[in-house]
Amino acid sequence: NMTLKYHQTLTEEKWSAFPFYKQLIMIGNELNRAKNCIENNDIERVKTCYERAFELFYLTIACLKDKRKLKELLRAKEMLGALYIEKMPNPNENIALLRALLSLDKDSFMAAGNL
């Protein structure tokens with residue numbers, strides 16, 4: 001079991017109870033928060049949003065039932081890493097990652113609407 005900094009009460013067992021599309025939406029929520037922080041030039045809060053998203057990525061990958069989605073999830077996590085190391089992440093790249101992430105499942109894509 002992994003130790004989480006931001007989601008201390010969340011276990012792999014609890015996380016795996018959520019359907020995949022909801023897991024994607026919850027990661028997406030962190031990217032959406034980051035977008036708002038980027039717009040406000042609050043780099044410290046952007047980094048915190050990304051760190052919370054990383055935790056949820058790790059949980060999602062650990063609990064993944066459909067291994068065919070693994071490659072796309074790892075690629076999205078890699079894209080998050082590229083944003084994380086930027087001095088100030090590009091808001092368009094942040095939203096592109098959010099859209100790509102939510103497009104990994106038809107239900108998360110439909111729930112996201114017109115992002």
# chains A, B, ... in the order shown; residues from 1 in each chain; ligands from 1
$ residues_around --residues "stretch 1-8 of chain A" --least-positions-apart "6" --cutoff "10 Å" --atoms "only C-alpha atoms" --output "PyMOL selection string"
chain A and resi 48-49+51-53+55-56+58-59+62
$ residues_around --residues "A:Asp107" --least-positions-apart "4" --cutoff "10 Å" --atoms "only C-alpha atoms" --output "ChimeraX atom specification"
/A:19-22,24-25,102-103,111-112
$ write_last_selection --atoms "all heavy atoms" --output "tab-separated table (two decimals), in the first residue's frame"
chain	number	residue	atom	x	y	z
A	19	PRO	N	-16.01	3.71	-10.15
A	19	PRO	CA	-15.81	3.29	-11.54
A	19	PRO	C	-14.69	4.13	-12.19
A	19	PRO	O	-14.42	5.25	-11.75
A	19	PRO	CB	-17.15	3.55	-12.21
A	19	PRO	CG	-17.96	4.36	-11.26
A	19	PRO	CD	-17.32	4.28	-9.91
A	20	PHE	N	-14.08	3.58	-13.20
A	20	PHE	CA	-12.95	4.21	-13.88
A	20	PHE	C	-13.27	5.65	-14.31
A	20	PHE	O	-12.47	6.56	-14.11
A	20	PHE	CB	-12.53	3.36	-15.08
A	20	PHE	CG	-11.34	3.88	-15.84
A	20	PHE	CD1	-10.10	3.97	-15.24
A	20	PHE	CD2	-11.47	4.26	-17.16
A	20	PHE	CE1	-8.99	4.44	-15.94
A	20	PHE	CE2	-10.37	4.73	-17.87
A	20	PHE	CZ	-9.13	4.82	-17.25
A	21	TYR	N	-14.46	5.86	-14.87
A	21	TYR	CA	-14.79	7.20	-15.35
A	21	TYR	C	-14.81	8.21	-14.21
A	21	TYR	O	-14.43	9.37	-14.40
A	21	TYR	CB	-16.09	7.20	-16.17
A	21	TYR	CG	-17.37	7.29	-15.37
A	21	TYR	CD1	-17.98	8.52	-15.13
A	21	TYR	CD2	-17.98	6.15	-14.86
A	21	TYR	CE1	-19.15	8.62	-14.40
A	21	TYR	CE2	-19.16	6.24	-14.14
A	21	TYR	CZ	-19.73	7.47	-13.91
A	21	TYR	OH	-20.89	7.56	-13.18
A	22	LYS	N	-15.24	7.79	-13.02
A	22	LYS	CA	-15.25	8.71	-11.88
A	22	LYS	C	-13.83	8.99	-11.40
A	22	LYS	O	-13.53	10.11	-10.97
A	22	LYS	CB	-16.10	8.16	-10.74
A	22	LYS	CG	-17.57	8.36	-10.96
A	22	LYS	CD	-18.34	8.26	-9.68
A	22	LYS	CE	-19.79	8.61	-9.96
A	22	LYS	NZ	-20.64	8.43	-8.82
A	24	LEU	N	-11.26	9.15	-13.34
A	24	LEU	CA	-10.75	10.13	-14.31
A	24	LEU	C	-11.30	11.52	-14.00
A	24	LEU	O	-10.57	12.51	-14.07
A	24	LEU	CB	-11.13	9.72	-15.73
A	24	LEU	CG	-10.49	8.45	-16.27
A	24	LEU	CD1	-11.01	8.16	-17.68
A	24	LEU	CD2	-8.97	8.53	-16.26
A	25	ILE	N	-12.57	11.60	-13.66
A	25	ILE	CA	-13.18	12.90	-13.36
A	25	ILE	C	-12.53	13.52	-12.12
A	25	ILE	O	-12.27	14.73	-12.09
A	25	ILE	CB	-14.71	12.76	-13.19
A	25	ILE	CG1	-15.35	12.52	-14.56
A	25	ILE	CG2	-15.31	13.99	-12.53
A	25	ILE	CD1	-16.82	12.15	-14.52
A	102	LEU	N	-9.95	12.92	-19.91
A	102	LEU	CA	-11.38	12.61	-19.87
A	102	LEU	C	-11.85	11.84	-21.09
A	102	LEU	O	-12.87	11.15	-21.05
A	102	LEU	CB	-12.19	13.90	-19.68
A	102	LEU	CG	-11.94	14.61	-18.35
A	102	LEU	CD1	-12.70	15.92	-18.29
A	102	LEU	CD2	-12.30	13.72	-17.16
A	103	SER	N	-11.09	11.91	-22.17
A	103	SER	CA	-11.47	11.17	-23.38
A	103	SER	C	-11.08	9.69	-23.30
A	103	SER	O	-11.42	8.92	-24.20
A	103	SER	CB	-10.85	11.82	-24.62
A	103	SER	OG	-9.46	11.58	-24.65
A	111	ALA	N	-19.63	13.19	-19.28
A	111	ALA	CA	-19.88	13.95	-18.04
A	111	ALA	C	-19.18	15.31	-18.08
A	111	ALA	O	-19.66	16.27	-17.49
A	111	ALA	CB	-19.41	13.15	-16.84
A	112	ALA	N	-18.07	15.39	-18.81
A	112	ALA	CA	-17.29	16.64	-18.85
A	112	ALA	C	-17.97	17.70	-19.69
A	112	ALA	O	-17.74	18.89	-19.49
A	112	ALA	CB	-15.90	16.36	-19.41
$ residues_around --residues "A:Met79" --least-positions-apart "2" --cutoff "12 Å" --atoms "only C-alpha atoms" --output "PyMOL selection string"
chain A and resi 31+50+53-54+57+72-77+81-86+89-90+93-98+100-101
$ residues_around --residues "A:Met88" --least-positions-apart "6" --cutoff "10 Å" --atoms "only C-alpha atoms" --output "list of chain:residue names"
A:Ile38, A:Asn41, A:Asp42, A:Ile43, A:Glu44, A:Val46, A:Lys47
$ write_last_selection --atoms "all heavy atoms" --output "short mmCIF file (atom, residue, chain, number, x, y, z; two decimals), in the first residue's frame"
data_model
loop_
_atom_site.label_atom_id
_atom_site.label_comp_id
_atom_site.auth_asym_id
_atom_site.auth_seq_id
_atom_site.Cartn_x
_atom_site.Cartn_y
_atom_site.Cartn_z
N ILE A 38 -3.47 28.64 -12.40
CA ILE A 38 -2.59 29.18 -13.45
C ILE A 38 -3.10 30.56 -13.85
O ILE A 38 -2.32 31.51 -13.99
CB ILE A 38 -2.54 28.24 -14.68
CG1 ILE A 38 -1.81 26.94 -14.33
CG2 ILE A 38 -1.86 28.94 -15.86
CD1 ILE A 38 -1.95 25.85 -15.39
N ASN A 41 -2.01 33.10 -11.53
CA ASN A 41 -0.55 33.11 -11.33
C ASN A 41 -0.14 32.60 -9.96
O ASN A 41 0.83 33.09 -9.37
CB ASN A 41 0.02 34.53 -11.56
CG ASN A 41 -0.01 34.90 -13.02
OD1 ASN A 41 0.38 34.10 -13.87
ND2 ASN A 41 -0.50 36.09 -13.31
N ASP A 42 -0.87 31.63 -9.43
CA ASP A 42 -0.57 31.06 -8.12
C ASP A 42 0.15 29.73 -8.32
O ASP A 42 -0.44 28.66 -8.22
CB ASP A 42 -1.87 30.87 -7.33
CG ASP A 42 -1.63 30.48 -5.89
OD1 ASP A 42 -0.48 30.09 -5.55
OD2 ASP A 42 -2.58 30.56 -5.09
N ILE A 43 1.45 29.80 -8.62
CA ILE A 43 2.23 28.63 -8.98
C ILE A 43 2.29 27.61 -7.85
O ILE A 43 2.27 26.40 -8.08
CB ILE A 43 3.66 29.00 -9.47
CG1 ILE A 43 4.38 27.77 -10.04
CG2 ILE A 43 4.46 29.65 -8.38
CD1 ILE A 43 3.73 27.12 -11.21
N GLU A 44 2.33 28.09 -6.60
CA GLU A 44 2.40 27.16 -5.47
C GLU A 44 1.15 26.28 -5.42
O GLU A 44 1.24 25.06 -5.21
CB GLU A 44 2.55 27.96 -4.16
CG GLU A 44 3.04 27.11 -3.01
CD GLU A 44 3.41 27.96 -1.80
OE1 GLU A 44 4.19 28.92 -1.96
OE2 GLU A 44 2.91 27.64 -0.72
N VAL A 46 -0.81 25.64 -7.98
CA VAL A 46 -0.78 24.80 -9.18
C VAL A 46 -0.03 23.51 -8.87
O VAL A 46 -0.50 22.40 -9.15
CB VAL A 46 -0.12 25.52 -10.38
CG1 VAL A 46 0.08 24.58 -11.54
CG2 VAL A 46 -0.94 26.73 -10.81
N LYS A 47 1.15 23.65 -8.26
CA LYS A 47 1.97 22.48 -7.92
C LYS A 47 1.22 21.55 -6.98
O LYS A 47 1.27 20.32 -7.14
CB LYS A 47 3.30 22.92 -7.29
CG LYS A 47 4.17 23.76 -8.18
CD LYS A 47 4.80 22.97 -9.29
CE LYS A 47 5.79 23.83 -10.06
NZ LYS A 47 6.33 23.20 -11.23
#
$ atom_distance --atom1 "atom CA of A:Pro91" --atom2 "atom CA of A:Glu78"
16.7 Å
$ select_by_dssp --residues "stretch 52-87 of chain A" --states "alpha helix (DSSP H)" --output "PDB file with N, CA and C atoms, in the first residue's frame"
ATOM      1  N   ARG A  52      -1.657  16.436  -6.001  1.00  0.00           N
ATOM      2  CA  ARG A  52      -2.876  15.672  -5.683  1.00  0.00           C
ATOM      3  C   ARG A  52      -3.292  14.821  -6.879  1.00  0.00           C
ATOM      4  N   ALA A  53      -3.163  15.376  -8.090  1.00  0.00           N
ATOM      5  CA  ALA A  53      -3.490  14.611  -9.302  1.00  0.00           C
ATOM      6  C   ALA A  53      -2.552  13.412  -9.444  1.00  0.00           C
ATOM      7  N   PHE A  54      -1.257  13.603  -9.151  1.00  0.00           N
ATOM      8  CA  PHE A  54      -0.307  12.483  -9.209  1.00  0.00           C
ATOM      9  C   PHE A  54      -0.749  11.354  -8.279  1.00  0.00           C
ATOM     10  N   GLU A  55      -1.145  11.711  -7.053  1.00  0.00           N
ATOM     11  CA  GLU A  55      -1.594  10.676  -6.119  1.00  0.00           C
ATOM     12  C   GLU A  55      -2.762   9.885  -6.698  1.00  0.00           C
ATOM     13  N   LEU A  56      -3.707  10.600  -7.287  1.00  0.00           N
ATOM     14  CA  LEU A  56      -4.878   9.920  -7.846  1.00  0.00           C
ATOM     15  C   LEU A  56      -4.494   9.086  -9.066  1.00  0.00           C
ATOM     16  N   PHE A  57      -3.530   9.569  -9.853  1.00  0.00           N
ATOM     17  CA  PHE A  57      -3.016   8.769 -10.972  1.00  0.00           C
ATOM     18  C   PHE A  57      -2.428   7.455 -10.445  1.00  0.00           C
ATOM     19  N   TYR A  58      -1.586   7.550  -9.412  1.00  0.00           N
ATOM     20  CA  TYR A  58      -0.945   6.347  -8.878  1.00  0.00           C
ATOM     21  C   TYR A  58      -1.990   5.357  -8.368  1.00  0.00           C
ATOM     22  N   LEU A  59      -3.013   5.865  -7.691  1.00  0.00           N
ATOM     23  CA  LEU A  59      -4.089   4.987  -7.217  1.00  0.00           C
ATOM     24  C   LEU A  59      -4.822   4.347  -8.389  1.00  0.00           C
ATOM     25  N   THR A  60      -5.126   5.144  -9.395  1.00  0.00           N
ATOM     26  CA  THR A  60      -5.854   4.639 -10.566  1.00  0.00           C
ATOM     27  C   THR A  60      -5.054   3.553 -11.275  1.00  0.00           C
ATOM     28  N   ILE A  61      -3.769   3.790 -11.453  1.00  0.00           N
ATOM     29  CA  ILE A  61      -2.899   2.814 -12.115  1.00  0.00           C
ATOM     30  C   ILE A  61      -2.814   1.533 -11.277  1.00  0.00           C
ATOM     31  N   ALA A  62      -2.691   1.679  -9.962  1.00  0.00           N
ATOM     32  CA  ALA A  62      -2.589   0.510  -9.080  1.00  0.00           C
ATOM     33  C   ALA A  62      -3.870  -0.326  -9.101  1.00  0.00           C
ATOM     34  N   CYS A  63      -5.011   0.319  -9.287  1.00  0.00           N
ATOM     35  CA  CYS A  63      -6.309  -0.366  -9.224  1.00  0.00           C
ATOM     36  C   CYS A  63      -6.874  -0.704 -10.596  1.00  0.00           C
ATOM     37  N   LEU A  70      -3.721   1.101 -19.639  1.00  0.00           N
ATOM     38  CA  LEU A  70      -2.509   1.451 -18.906  1.00  0.00           C
ATOM     39  C   LEU A  70      -1.591   2.394 -19.690  1.00  0.00           C
ATOM     40  N   LYS A  71      -1.365   2.098 -20.958  1.00  0.00           N
ATOM     41  CA  LYS A  71      -0.463   2.917 -21.774  1.00  0.00           C
ATOM     42  C   LYS A  71      -0.926   4.376 -21.812  1.00  0.00           C
ATOM     43  N   GLU A  72      -2.238   4.589 -22.033  1.00  0.00           N
ATOM     44  CA  GLU A  72      -2.771   5.954 -22.104  1.00  0.00           C
ATOM     45  C   GLU A  72      -2.677   6.661 -20.751  1.00  0.00           C
ATOM     46  N   LEU A  73      -2.951   5.921 -19.680  1.00  0.00           N
ATOM     47  CA  LEU A  73      -2.855   6.514 -18.341  1.00  0.00           C
ATOM     48  C   LEU A  73      -1.428   6.923 -18.021  1.00  0.00           C
ATOM     49  N   LEU A  74      -0.483   6.047 -18.350  1.00  0.00           N
ATOM     50  CA  LEU A  74       0.926   6.378 -18.096  1.00  0.00           C
ATOM     51  C   LEU A  74       1.372   7.573 -18.935  1.00  0.00           C
ATOM     52  N   ARG A  75       0.892   7.662 -20.149  1.00  0.00           N
ATOM     53  CA  ARG A  75       1.221   8.805 -21.011  1.00  0.00           C
ATOM     54  C   ARG A  75       0.648  10.095 -20.427  1.00  0.00           C
ATOM     55  N   ALA A  76      -0.584  10.034 -19.932  1.00  0.00           N
ATOM     56  CA  ALA A  76      -1.194  11.220 -19.318  1.00  0.00           C
ATOM     57  C   ALA A  76      -0.414  11.634 -18.071  1.00  0.00           C
ATOM     58  N   LYS A  77       0.030  10.649 -17.287  1.00  0.00           N
ATOM     59  CA  LYS A  77       0.831  10.959 -16.098  1.00  0.00           C
ATOM     60  C   LYS A  77       2.157  11.593 -16.499  1.00  0.00           C
ATOM     61  N   GLU A  78       2.733  11.114 -17.602  1.00  0.00           N
ATOM     62  CA  GLU A  78       3.973  11.695 -18.130  1.00  0.00           C
ATOM     63  C   GLU A  78       3.745  13.160 -18.553  1.00  0.00           C
ATOM     64  N   MET A  79       2.607  13.418 -19.179  1.00  0.00           N
ATOM     65  CA  MET A  79       2.268  14.794 -19.576  1.00  0.00           C
ATOM     66  C   MET A  79       2.116  15.679 -18.338  1.00  0.00           C
ATOM     67  N   LEU A  80       1.521  15.128 -17.282  1.00  0.00           N
ATOM     68  CA  LEU A  80       1.393  15.870 -16.030  1.00  0.00           C
ATOM     69  C   LEU A  80       2.777  16.197 -15.476  1.00  0.00           C
ATOM     70  N   GLY A  81       3.697  15.245 -15.578  1.00  0.00           N
ATOM     71  CA  GLY A  81       5.065  15.485 -15.115  1.00  0.00           C
ATOM     72  C   GLY A  81       5.726  16.626 -15.863  1.00  0.00           C
ATOM     73  N   ALA A  82       5.488  16.688 -17.165  1.00  0.00           N
ATOM     74  CA  ALA A  82       6.058  17.778 -17.974  1.00  0.00           C
ATOM     75  C   ALA A  82       5.483  19.125 -17.537  1.00  0.00           C
ATOM     76  N   LEU A  83       4.198  19.161 -17.229  1.00  0.00           N
ATOM     77  CA  LEU A  83       3.590  20.406 -16.745  1.00  0.00           C
ATOM     78  C   LEU A  83       4.137  20.767 -15.363  1.00  0.00           C
ATOM     79  N   TYR A  84       4.317  19.758 -14.530  1.00  0.00           N
ATOM     80  CA  TYR A  84       4.755  19.971 -13.148  1.00  0.00           C
ATOM     81  C   TYR A  84       6.118  20.650 -13.074  1.00  0.00           C
TER      82      TYR A  84
END
$ atom_distance --atom1 "atom CA of A:Leu104" --atom2 "atom CA of A:Gln23"
11.1 Å
$ closest_residue --among "A:Glu13, A:Ser108, A:Arg99, A:Asn92" --to "A:Met26" --atoms "only C-alpha atoms"
A:Ser108
$ atom_distance --atom1 "atom CA of A:Leu64" --atom2 "atom CA of A:Trp15"
10.2 Å
